[in-house]
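A.B. asks: Got a structure for you, protein_7.cif, holding mmCIF, C-alpha atoms and all ligand atoms.
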```cif
data_query
loop_
_atom_site.label_atom_id
_atom_site.label_comp_id
_atom_site.auth_asym_id
_atom_site.auth_seq_id
_atom_site.Cartn_x
_atom_site.Cartn_y
_atom_site.Cartn_z
CA MET U 1 -4.05 -35.70 5.88
CA THR U 2 -7.37 -35.41 4.09
CA THR U 3 -10.63 -34.18 5.45
CA THR U 4 -14.24 -34.56 4.45
CA ARG U 5 -15.33 -31.52 2.45
CA ARG U 6 -16.67 -28.74 4.57
CA HIS U 7 -17.25 -25.05 4.52
CA VAL U 8 -14.80 -22.54 6.04
CA GLU U 9 -17.72 -21.25 8.13
CA ASP U 10 -17.66 -24.57 10.01
CA LEU U 11 -14.04 -24.25 11.17
CA GLN U 12 -13.20 -23.50 14.77
CA THR U 13 -11.36 -20.16 14.83
CA PRO U 14 -8.65 -19.05 14.78
CA ALA U 15 -7.80 -21.37 11.89
CA LEU U 16 -4.89 -21.24 9.48
CA LEU U 17 -6.09 -21.15 5.88
CA VAL U 18 -4.07 -21.87 2.77
CA ASP U 19 -5.46 -20.84 -0.59
CA ALA U 20 -5.02 -23.88 -2.85
CA ALA U 21 -4.69 -21.93 -6.10
CA ALA U 22 -2.19 -19.45 -4.63
CA VAL U 23 0.05 -22.26 -3.36
CA GLU U 24 -0.02 -23.95 -6.75
CA HIS U 25 0.85 -20.64 -8.41
CA ASN U 26 3.75 -20.10 -5.99
CA LEU U 27 5.11 -23.63 -6.46
CA THR U 28 5.05 -23.25 -10.24
CA ALA U 29 6.49 -19.72 -10.26
CA MET U 30 9.45 -20.75 -8.10
CA ALA U 31 10.08 -24.04 -9.94
CA THR U 32 10.22 -22.03 -13.17
CA ALA U 33 12.64 -19.44 -11.74
CA LEU U 34 14.82 -21.90 -9.80
CA PRO U 35 14.27 -25.43 -11.08
CA GLY U 36 15.38 -28.60 -9.32
CA ARG U 37 18.44 -28.26 -7.14
CA ARG U 38 18.75 -24.51 -7.74
CA LEU U 39 16.17 -24.28 -4.93
CA ARG U 40 16.66 -26.04 -1.61
CA PRO U 41 13.27 -25.18 -0.06
CA HIS U 42 13.43 -24.17 3.59
CA VAL U 43 10.74 -26.09 5.47
CA LYS U 44 10.92 -23.81 8.52
CA ALA U 45 8.36 -21.58 6.79
CA HIS U 46 5.61 -24.24 6.67
CA LYS U 47 6.73 -27.14 8.90
CA SER U 48 4.56 -29.53 6.93
CA THR U 49 5.62 -32.76 5.21
CA ALA U 50 2.49 -32.54 3.05
CA LEU U 51 3.71 -29.26 1.61
CA ALA U 52 7.29 -30.55 1.36
CA HIS U 53 5.94 -33.43 -0.76
CA ARG U 54 4.42 -30.84 -3.09
CA GLN U 55 7.74 -29.03 -3.34
CA ALA U 56 9.38 -32.37 -4.19
CA ALA U 57 6.73 -32.99 -6.83
CA ALA U 58 7.60 -29.56 -8.27
CA GLY U 59 11.16 -30.83 -8.75
CA HIS U 60 12.98 -29.86 -5.53
CA ARG U 61 14.18 -32.96 -3.69
CA THR U 62 16.80 -31.24 -1.54
CA PHE U 63 15.59 -29.44 1.58
CA THR U 64 16.78 -26.94 4.16
CA CYS U 65 15.84 -27.34 7.83
CA ALA U 66 16.26 -25.20 10.93
CA THR U 67 15.73 -27.86 13.61
CA ILE U 68 16.64 -31.49 14.21
CA ARG U 69 12.94 -32.27 14.39
CA GLU U 70 12.44 -30.94 10.85
CA VAL U 71 15.29 -33.15 9.58
CA GLU U 72 13.83 -36.21 11.34
CA GLY U 73 10.34 -35.53 10.04
CA LEU U 74 11.44 -35.16 6.42
CA ALA U 75 13.55 -38.32 6.65
CA ALA U 76 10.59 -40.26 8.08
CA ALA U 77 8.38 -38.94 5.28
CA GLY U 78 10.69 -40.38 2.62
CA LEU U 79 12.16 -36.99 1.72
CA GLY U 80 15.68 -37.67 2.96
CA ASP U 81 17.64 -37.57 -0.33
CA ASP U 82 19.65 -34.52 0.73
CA LEU U 83 18.78 -32.60 3.91
CA LEU U 84 20.74 -29.56 5.08
CA LEU U 85 20.38 -28.50 8.69
CA ALA U 86 21.29 -24.84 8.14
CA ASN U 87 21.84 -24.28 11.80
CA GLU U 88 24.42 -25.08 14.45
CA VAL U 89 23.88 -27.95 16.91
CA LEU U 90 26.04 -29.14 19.77
CA ASP U 91 24.49 -32.60 20.05
CA ALA U 92 24.20 -34.22 16.62
CA ARG U 93 23.48 -37.80 17.74
CA ARG U 94 19.86 -37.78 16.54
CA LEU U 95 21.10 -36.66 13.10
CA GLY U 96 23.73 -39.38 12.96
CA ARG U 97 21.11 -42.07 13.54
CA LEU U 98 18.95 -41.12 10.55
CA ASP U 99 18.57 -43.17 7.40
CA ALA U 100 18.96 -40.10 5.18
CA ARG U 101 21.68 -37.92 3.66
CA VAL U 102 22.21 -35.26 6.31
CA THR U 103 24.54 -32.27 6.10
CA VAL U 104 24.92 -29.88 9.01
CA ALA U 105 26.17 -26.30 9.21
CA VAL U 106 29.25 -25.72 11.37
CA ASP U 107 30.96 -22.46 12.34
CA SER U 108 33.30 -23.41 15.20
CA GLU U 109 35.53 -26.15 16.48
CA ALA U 110 32.80 -27.17 18.96
CA THR U 111 30.16 -27.67 16.27
CA ILE U 112 32.64 -29.63 14.11
CA VAL U 113 33.51 -31.90 17.04
CA ALA U 114 29.78 -32.36 17.76
CA ALA U 115 29.01 -33.29 14.13
CA ALA U 116 31.79 -35.88 14.04
CA ALA U 117 30.91 -37.29 17.48
CA GLY U 118 27.23 -37.50 16.54
CA GLY U 119 27.90 -39.62 13.47
CA VAL U 120 27.13 -36.93 10.87
CA ARG U 121 29.32 -37.39 7.80
CA GLU U 122 28.90 -34.17 5.84
CA VAL U 123 29.08 -30.49 6.75
CA VAL U 124 29.00 -27.04 5.20
CA ILE U 125 30.99 -24.17 6.66
CA ASP U 126 28.50 -21.50 7.77
CA VAL U 127 29.91 -18.05 6.97
CA ASN U 128 28.74 -14.74 8.43
CA VAL U 129 27.88 -12.57 5.42
CA GLY U 130 26.54 -9.59 7.37
CA LEU U 131 23.67 -10.77 9.58
CA PRO U 132 24.74 -10.79 13.24
CA ARG U 133 23.74 -14.40 13.80
CA CYS U 134 25.57 -17.71 13.22
CA GLY U 135 28.50 -18.10 10.83
CA CYS U 136 32.27 -17.80 11.10
CA HIS U 137 34.32 -14.84 9.89
CA PRO U 138 34.96 -15.34 6.16
CA ASP U 139 38.72 -15.39 6.83
CA ASP U 140 38.30 -18.33 9.22
CA ALA U 141 36.34 -20.58 6.83
CA GLY U 142 39.39 -22.31 5.32
CA ARG U 143 40.82 -23.19 8.72
CA LEU U 144 37.48 -24.66 9.84
CA ALA U 145 37.21 -26.70 6.63
CA ASP U 146 40.66 -28.16 7.25
CA LEU U 147 39.67 -28.94 10.82
CA ALA U 148 36.48 -30.67 9.67
CA ARG U 149 38.40 -32.76 7.13
CA SER U 150 40.90 -33.74 9.82
CA ARG U 151 37.88 -35.15 11.70
CA ARG U 152 36.97 -37.24 8.62
CA LEU U 153 34.00 -35.05 7.73
CA THR U 154 33.24 -34.32 4.09
CA VAL U 155 33.03 -30.57 3.52
CA ARG U 156 30.42 -29.94 0.84
CA GLY U 157 31.02 -26.19 0.59
CA VAL U 158 29.76 -23.03 2.28
CA MET U 159 26.48 -21.44 3.29
CA GLY U 160 25.78 -17.82 4.15
CA TYR U 161 22.43 -16.43 5.17
CA GLU U 162 21.93 -12.86 3.95
CA GLY U 163 18.95 -12.35 6.27
CA HIS U 164 19.74 -8.64 6.71
CA VAL U 165 19.05 -8.16 2.99
CA VAL U 166 16.11 -10.40 2.04
CA GLY U 167 13.41 -8.05 3.34
CA LEU U 168 14.65 -4.79 1.81
CA ALA U 169 11.84 -3.29 -0.26
CA ASP U 170 14.27 -1.13 -2.28
CA ARG U 171 15.36 -3.56 -4.98
CA ALA U 172 18.51 -1.62 -5.88
CA ALA U 173 19.67 -1.77 -2.26
CA ARG U 174 18.78 -5.47 -2.13
CA VAL U 175 20.83 -6.20 -5.24
CA GLN U 176 23.80 -4.20 -4.00
CA LEU U 177 23.87 -5.71 -0.52
CA THR U 178 23.31 -9.23 -1.87
CA ALA U 179 26.33 -8.75 -4.14
CA HIS U 180 28.43 -7.67 -1.17
CA ALA U 181 27.24 -10.59 0.98
CA MET U 182 27.95 -13.06 -1.81
CA GLN U 183 31.45 -11.64 -2.38
CA LEU U 184 32.18 -12.56 1.23
CA LEU U 185 30.69 -16.01 0.71
CA LEU U 186 32.62 -16.66 -2.51
CA ALA U 187 35.88 -15.57 -0.89
CA ALA U 188 35.23 -18.09 1.87
CA HIS U 189 34.31 -20.72 -0.71
CA ALA U 190 37.64 -20.23 -2.47
CA ALA U 191 39.35 -21.25 0.76
CA VAL U 192 36.91 -24.08 1.59
CA GLY U 193 36.18 -25.82 -1.74
CA GLY U 194 33.27 -28.17 -2.35
CA ASP U 195 30.28 -28.00 -4.69
CA LEU U 196 27.82 -26.02 -2.58
CA VAL U 197 27.47 -22.27 -2.28
CA SER U 198 24.17 -22.12 -0.41
CA ALA U 199 22.47 -18.79 0.34
CA GLY U 200 19.19 -17.55 1.80
CA GLY U 201 16.11 -16.05 0.28
CA THR U 202 17.35 -13.45 -2.25
CA TYR U 203 16.03 -15.66 -5.03
CA ASP U 204 15.36 -12.83 -7.51
CA CYS U 205 18.82 -11.27 -7.58
CA ASN U 206 21.31 -13.84 -6.37
CA VAL U 207 23.39 -15.02 -9.32
CA TRP U 208 26.32 -16.21 -7.21
CA ALA U 209 24.94 -19.02 -5.05
CA THR U 210 24.58 -22.52 -6.49
CA GLU U 211 21.36 -22.94 -4.51
CA ILE U 212 18.83 -20.74 -2.69
CA GLN U 213 17.23 -21.73 0.62
CA ALA U 214 13.95 -19.83 0.16
CA GLY U 215 10.99 -20.80 2.31
CA SER U 216 8.39 -18.03 2.65
CA TYR U 217 7.62 -17.89 -1.09
CA VAL U 218 5.23 -20.83 -0.94
CA LEU U 219 2.79 -19.35 1.61
CA MET U 220 3.91 -15.69 1.70
CA ASP U 221 3.24 -12.95 4.24
CA THR U 222 2.60 -9.21 4.14
CA ALA U 223 6.28 -8.35 4.78
CA TYR U 224 7.38 -10.24 1.64
CA ALA U 225 4.34 -8.97 -0.30
CA ARG U 226 5.87 -5.44 -0.18
CA LEU U 227 8.77 -6.60 -2.37
CA GLY U 228 6.72 -7.07 -5.52
CA LEU U 229 7.80 -10.68 -6.04
CA PRO U 230 5.69 -12.91 -8.31
CA PHE U 231 4.18 -14.87 -5.41
CA ARG U 232 0.63 -14.70 -4.08
CA GLN U 233 -0.48 -14.40 -0.50
CA ALA U 234 -1.66 -17.95 0.24
CA LEU U 235 -1.73 -17.83 4.04
CA SER U 236 -4.36 -16.17 6.21
CA VAL U 237 -5.86 -16.72 9.62
CA LEU U 238 -9.60 -17.13 9.72
CA ALA U 239 -11.06 -15.31 12.73
CA THR U 240 -14.49 -14.58 14.15
CA VAL U 241 -15.65 -11.17 15.33
CA ILE U 242 -16.60 -11.74 18.97
CA SER U 243 -17.36 -8.20 20.13
CA VAL U 244 -18.32 -4.90 18.51
CA SER U 245 -18.10 -1.42 20.06
CA PRO U 246 -19.03 1.90 18.43
CA ALA U 247 -15.41 2.72 17.59
CA TYR U 248 -13.86 -0.70 16.92
CA ALA U 249 -14.42 -4.45 16.60
CA VAL U 250 -12.62 -7.40 18.19
CA ALA U 251 -11.90 -10.82 16.68
CA ASP U 252 -10.54 -14.02 18.22
CA CYS U 253 -7.06 -14.01 16.67
CA GLY U 254 -4.30 -12.66 18.88
CA LEU U 255 -0.63 -13.06 19.67
CA LYS U 256 -1.05 -16.80 20.26
CA ALA U 257 -2.16 -17.32 16.67
CA LEU U 258 0.18 -14.88 14.89
CA GLY U 259 3.90 -14.25 14.54
CA MET U 260 4.24 -10.56 15.36
CA ASP U 261 7.97 -9.85 15.01
CA HIS U 262 7.38 -8.20 11.60
CA GLY U 263 4.61 -6.02 12.96
CA ASN U 264 0.84 -6.09 13.02
CA PRO U 265 -1.10 -8.29 10.63
CA THR U 266 -3.56 -6.64 8.24
CA ILE U 267 -7.29 -7.03 7.67
CA ASP U 268 -8.86 -5.97 4.36
CA ALA U 269 -10.84 -2.72 4.57
CA ALA U 270 -9.87 -2.16 8.18
CA GLU U 271 -7.20 -0.57 10.34
CA VAL U 272 -5.61 -2.92 12.86
CA LEU U 273 -5.08 -1.15 16.18
CA PHE U 274 -3.33 -3.85 18.21
CA CYS U 275 -3.19 -7.52 19.11
CA SER U 276 -3.29 -9.02 22.59
CA ASP U 277 -3.10 -12.65 23.66
CA GLU U 278 -6.39 -13.90 22.20
CA HIS U 279 -7.72 -10.75 20.51
CA ILE U 280 -7.20 -8.46 17.56
CA THR U 281 -8.74 -5.00 17.83
CA PHE U 282 -9.48 -3.23 14.55
CA VAL U 283 -11.48 -0.40 13.00
CA PRO U 284 -13.51 -1.65 10.02
CA GLU U 285 -14.44 0.69 7.18
CA VAL U 286 -18.01 -0.57 7.35
CA PRO U 287 -19.55 -1.60 10.67
CA SER U 288 -18.79 -5.18 11.64
CA ARG U 289 -21.20 -7.59 13.38
CA VAL U 290 -20.65 -10.22 16.03
CA GLY U 291 -20.20 -13.58 14.34
CA GLU U 292 -18.72 -12.17 11.13
CA ARG U 293 -15.81 -14.17 9.74
CA ILE U 294 -12.73 -12.22 8.69
CA ARG U 295 -9.33 -13.03 7.16
CA VAL U 296 -6.26 -11.80 9.02
CA TRP U 297 -3.10 -11.56 6.89
CA PRO U 298 0.04 -12.34 8.94
CA ALA U 299 3.17 -10.20 8.64
CA HIS U 300 5.53 -13.16 9.22
CA VAL U 301 4.70 -16.63 7.98
CA ASP U 302 7.18 -18.82 9.91
CA PRO U 303 6.22 -18.10 13.53
CA THR U 304 2.54 -17.86 12.57
CA VAL U 305 2.48 -21.40 11.19
CA ALA U 306 4.41 -22.72 14.19
CA TYR U 307 1.51 -21.72 16.48
CA HIS U 308 -0.97 -23.98 14.64
CA GLU U 309 -1.55 -27.73 14.38
CA ARG U 310 -2.86 -27.80 10.83
CA LEU U 311 -3.23 -25.83 7.65
CA TYR U 312 -6.72 -25.93 6.14
CA VAL U 313 -6.46 -25.87 2.36
CA VAL U 314 -9.32 -23.87 0.87
CA SER U 315 -10.72 -23.27 -2.56
CA GLY U 316 -13.14 -20.38 -2.30
CA ASP U 317 -15.20 -21.16 0.79
CA GLN U 318 -14.67 -24.93 0.62
CA VAL U 319 -12.10 -26.72 2.76
CA VAL U 320 -10.58 -29.21 0.32
CA ASP U 321 -7.76 -30.64 2.44
CA ALA U 322 -5.95 -30.32 5.76
CA TRP U 323 -2.19 -30.57 6.11
CA ALA U 324 -0.70 -31.34 9.51
CA VAL U 325 1.95 -28.92 10.73
CA ASP U 326 3.88 -32.03 11.69
CA LEU U 327 7.43 -30.64 11.87
CA ARG U 328 6.84 -28.57 15.00
CA GLY U 329 8.94 -29.09 18.13
CA TRP U 330 12.67 -29.47 18.45
C1 LIG U 401 19.36 -20.09 7.28
C2 LIG U 401 18.19 -19.59 6.53
N1 LIG U 401 18.16 -19.76 5.20
C3 LIG U 401 17.15 -19.29 4.45
C4 LIG U 401 16.08 -18.63 5.03
C5 LIG U 401 15.08 -18.07 4.07
O1 LIG U 401 13.81 -18.07 4.43
P1 LIG U 401 12.70 -17.16 3.76
O2 LIG U 401 12.72 -17.43 2.30
O3 LIG U 401 11.51 -17.72 4.41
O4 LIG U 401 12.95 -15.75 4.10
C6 LIG U 401 16.06 -18.45 6.42
C7 LIG U 401 14.93 -17.75 7.07
O5 LIG U 401 14.90 -17.40 8.22
C8 LIG U 401 17.12 -18.95 7.18
O6 LIG U 401 17.17 -18.78 8.52
#
```
What would the structure in this file look like if it were written as structure tokens?
Ligand SMILES: Cc1ncc(COP(=O)(O)O)c(C=O)c1O
C.D. replies:
Amino acid sequence: MTTTRRHVEDLQTPALLVDAAAVEHNLTAMATALPGRRLRPHVKAHKSTALAHRQAAAGHRTFTCATIREVEGLAAAGLGDDLLLANEVLDARRLGRLDARVTVAVDSEATIVAAAAGGVREVVIDVNVGLPRCGCHPDDAGRLADLARSRRLTVRGVMGYEGHVVGLADRAARVQLTAHAMQLLLAAHAAVGGDLVSAGGTYDCNVWATEIQAGSYVLMDTAYARLGLPFRQALSVLATVISVSPAYAVADCGLKALGMDHGNPTIDAAEVLFCSDEHITFVPEVPSRVGERIRVWPAHVDPTVAYHERLYVVSGDQVVDAWAVDLRGW
């Protein structure tokens, strides 16, 4: 989606801004570190086919998805060379209908039966590597692979999401726990076979996986910024100060415009007190004024983006493009 050039001041707030130069930097930095198929970008972080096209142009033509809607949207956008739904589904019929290469994660007999019944041809065995979420016990992976093959499914390998590790600011702890998680995944892979050993976002220290499903790197958030990775904060929410009191100011960017599960967002030269539905209350270092525009830096990119319909791409104070957040929904 393109837009006629306009100034950020003209945007209705709250508005999601993407810094054009920072995104380009992040795309290049990641494509240099993990070229081509070494990265399977996770689109859950941005939910935008426009941004997925840029990741493809940077050399990554395989993608990770979290929802059926994301798989469908990428396929419709001509990005269906190799799509992994890294999540369990119990009705795979929409996946089976797609004109794209679709692989789905399975971790139980029920999800294997659903994949086969839905017309999906390829699966990976999802292995629990320490995060209490989806994934089978590593010792059960071989049995599930045999079961999937008995249902005429091709087993491409294993995936294991080390989500309990990716956010650790202590790099030594991150390296150590990634190694442990990947030992579990490789043990499962030995029993499963296949070409893929697909892991989550520990891109800087994971030397075991054949591919990394990183997503946040391209837009970034303040939680990831703590890790000292070579990516720039590209995403902010533009807000307008709507009320000023002697002790604090209030802007129009609240819980309905921000993912808050990683804590409060930040505002430069200000202390954020709290967010409510439509408001953020903060203490600025220098007095604010009603009508002032501010940038709010989200703590968690994925749920923040999912609240918005479009990403306004900015260069300085100019809006140079607008990308639809067109992979929302289920
Ligand atoms: C299955 C899976 N893989 C990979 C990721 C990595 O995402 P990110 O790089 O945004 O942390 C996630 C994030 O939630 C995920 O759920």
A.B. asks: U:Arg295, U:His7, U:Lys44, U:His137: which is nearest ligand LIG 401 (chain U), counting all atoms listed in the file?
C.D. replies: U:Lys44
A.B. asks: Using all atoms listed in the file, I'd like a table of the residues in chain U that come within 7 Å of ligand LIG 401 (chain U); for each, show the closest atom pair and its distance in Å rounded to one decimal, ordered by chain and ascending number, as CSV.
C.D. replies:
```
residue,atom,partner,partner_atom,distance
U:His42,CA,U:LIG401,O1,6.2
U:Ala45,CA,U:LIG401,O3,5.5
U:Ala66,CA,U:LIG401,O6,6.9
U:Ala86,CA,U:LIG401,C1,5.2
U:Asn87,CA,U:LIG401,C1,6.6
U:Tyr161,CA,U:LIG401,C1,5.2
U:Gly163,CA,U:LIG401,C6,6.8
U:Val166,CA,U:LIG401,O4,6.5
U:Ala199,CA,U:LIG401,N1,6.6
U:Gly200,CA,U:LIG401,C3,3.8
U:Gly201,CA,U:LIG401,O2,4.2
U:Gln213,CA,U:LIG401,C3,4.5
U:Ala214,CA,U:LIG401,O2,3.4
U:Gly215,CA,U:LIG401,O3,3.8
U:Ser216,CA,U:LIG401,O3,3.6
U:Tyr217,CA,U:LIG401,O2,6.1
```
A.B. asks: Determine, counting all atoms listed in the file, which protein, DNA and RNA residues have an atom within 9 Å of an atom of stretch 312-318 of chain U; residues of the same chain fewer than 6 positions away are not included. Present the result as a PyMOL selection string.
C.D. replies: chain U and resi 5-9+15-21+324
A.B. asks: Pick out the residues sitting within 6 Å of stretch 255-262 of chain U, and hand them over as a list in words; count only C-alpha atoms, and ignore anything fewer than 2 positions along from it in its own chain.
C.D. replies: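 So the residues in contact are Cys253, Ser276, Asp277, Ala299, His300, Pro303, Thr304 and Tyr307 of chain U.
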A.B. asks: What does the distance from atom CA of U:Ser48 to atom CA of U:Leu311 come to in Å, to one decimal?
C.D. replies: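 Spanning atom CA of U:Ser48 to atom CA of U:Leu311 is a straight-line distance of 8.7 Å.
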A.B. asks: Determine, counting only C-alpha atoms, which protein, DNA and RNA residues have an atom within 8 Å of an atom of stretch 174-189 of chain U; residues of the same chain fewer than 2 positions away are not included. Present the result as a count of residues only.
C.D. replies: 30
A.B. asks: With 5 Å added on each side, what axis-aligned box encloses every listed atom of stretch 66-70 of chain U? Give the centre and edge lengths in Å to one decimal, as lines of an AutoDock Vina configuration file.
C.D. replies:
```
center_x = 14.5
center_y = -28.7
center_z = 12.6
size_x = 14.2
size_y = 17.1
size_z = 13.5
```
A.B. asks: Distance atom CA of U:Ala239-atom CA of U:Thr13, one decimal place?
C.D. replies: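 Between atom CA of U:Ala239 and atom CA of U:Thr13 the gap works out to 5.3 Å.
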A.B. asks: So how far away is atom CA of U:Val123 from atom CA of U:Ala148, in Å?
C.D. replies: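 Atom-to-atom, atom CA of U:Ala148 and atom CA of U:Val123 are spaced 8.0 Å apart.
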A.B. asks: Considering all atoms listed in the file, can you say which of U:Leu74, U:Glu309, U:Ile294, U:Ala225 comes closest to U:Trp323?
C.D. replies: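 Comparing U:Leu74, U:Glu309, U:Ile294, U:Ala225 against U:Trp323, the winner is U:Glu309.
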A.B. asks: Please provide the set of residues having any atom within 9 Å of U:Leu95, restricted to only C-alpha atoms, with same-chain residues fewer than 6 positions apart removed, written as an MDAnalysis selection string.
C.D. replies: chainID U and resid 68 71:72 102:104 115 118:120
A.B. asks: I need the residue nearest U:Pro265 from this list: U:Ser108, U:Ala251, U:Pro298, U:Ile280. Use all atoms listed in the file for the distance.
C.D. replies: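 Counting all atoms listed in the file, the residue closest to U:Pro265 is U:Pro298.
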A.B. asks: Using all atoms listed in the file, find all polymer residues with an atom at most 6 Å away from the point (10.7, -26.2, -10.7); report them as a VMD selection string.
C.D. replies: chain U and resid 31 to 32 35 to 36 58 to 59
A.B. asks: List as a PyMOL selection string the protein and nucleic acid residues near stretch 269-273 of chain U, meaning an atom at most 12 Å away when only C-alpha atoms are counted, but skip any in the same chain fewer than 3 places from it.
C.D. replies: chain U and resi 247-251+253-254+263-266+276+279-288+294-298
A.B. asks: Include C-alpha atoms and write out the residues we just selected as a short mmCIF file (atom, residue, chain, number, x, y, z; two decimals), in the frame of the given file.
C.D. replies:
```
data_model
loop_
_atom_site.label_atom_id
_atom_site.label_comp_id
_atom_site.auth_asym_id
_atom_site.auth_seq_id
_atom_site.Cartn_x
_atom_site.Cartn_y
_atom_site.Cartn_z
CA ALA U 247 -15.41 2.72 17.59
CA TYR U 248 -13.86 -0.70 16.92
CA ALA U 249 -14.42 -4.45 16.60
CA VAL U 250 -12.62 -7.40 18.19
CA ALA U 251 -11.90 -10.82 16.68
CA CYS U 253 -7.06 -14.01 16.67
CA GLY U 254 -4.30 -12.66 18.88
CA GLY U 263 4.61 -6.02 12.96
CA ASN U 264 0.84 -6.09 13.02
CA PRO U 265 -1.10 -8.29 10.63
CA THR U 266 -3.56 -6.64 8.24
CA SER U 276 -3.29 -9.02 22.59
CA HIS U 279 -7.72 -10.75 20.51
CA ILE U 280 -7.20 -8.46 17.56
CA THR U 281 -8.74 -5.00 17.83
CA PHE U 282 -9.48 -3.23 14.55
CA VAL U 283 -11.48 -0.40 13.00
CA PRO U 284 -13.51 -1.65 10.02
CA GLU U 285 -14.44 0.69 7.18
CA VAL U 286 -18.01 -0.57 7.35
CA PRO U 287 -19.55 -1.60 10.67
CA SER U 288 -18.79 -5.18 11.64
CA ILE U 294 -12.73 -12.22 8.69
CA ARG U 295 -9.33 -13.03 7.16
CA VAL U 296 -6.26 -11.80 9.02
CA TRP U 297 -3.10 -11.56 6.89
CA PRO U 298 0.04 -12.34 8.94
#
```
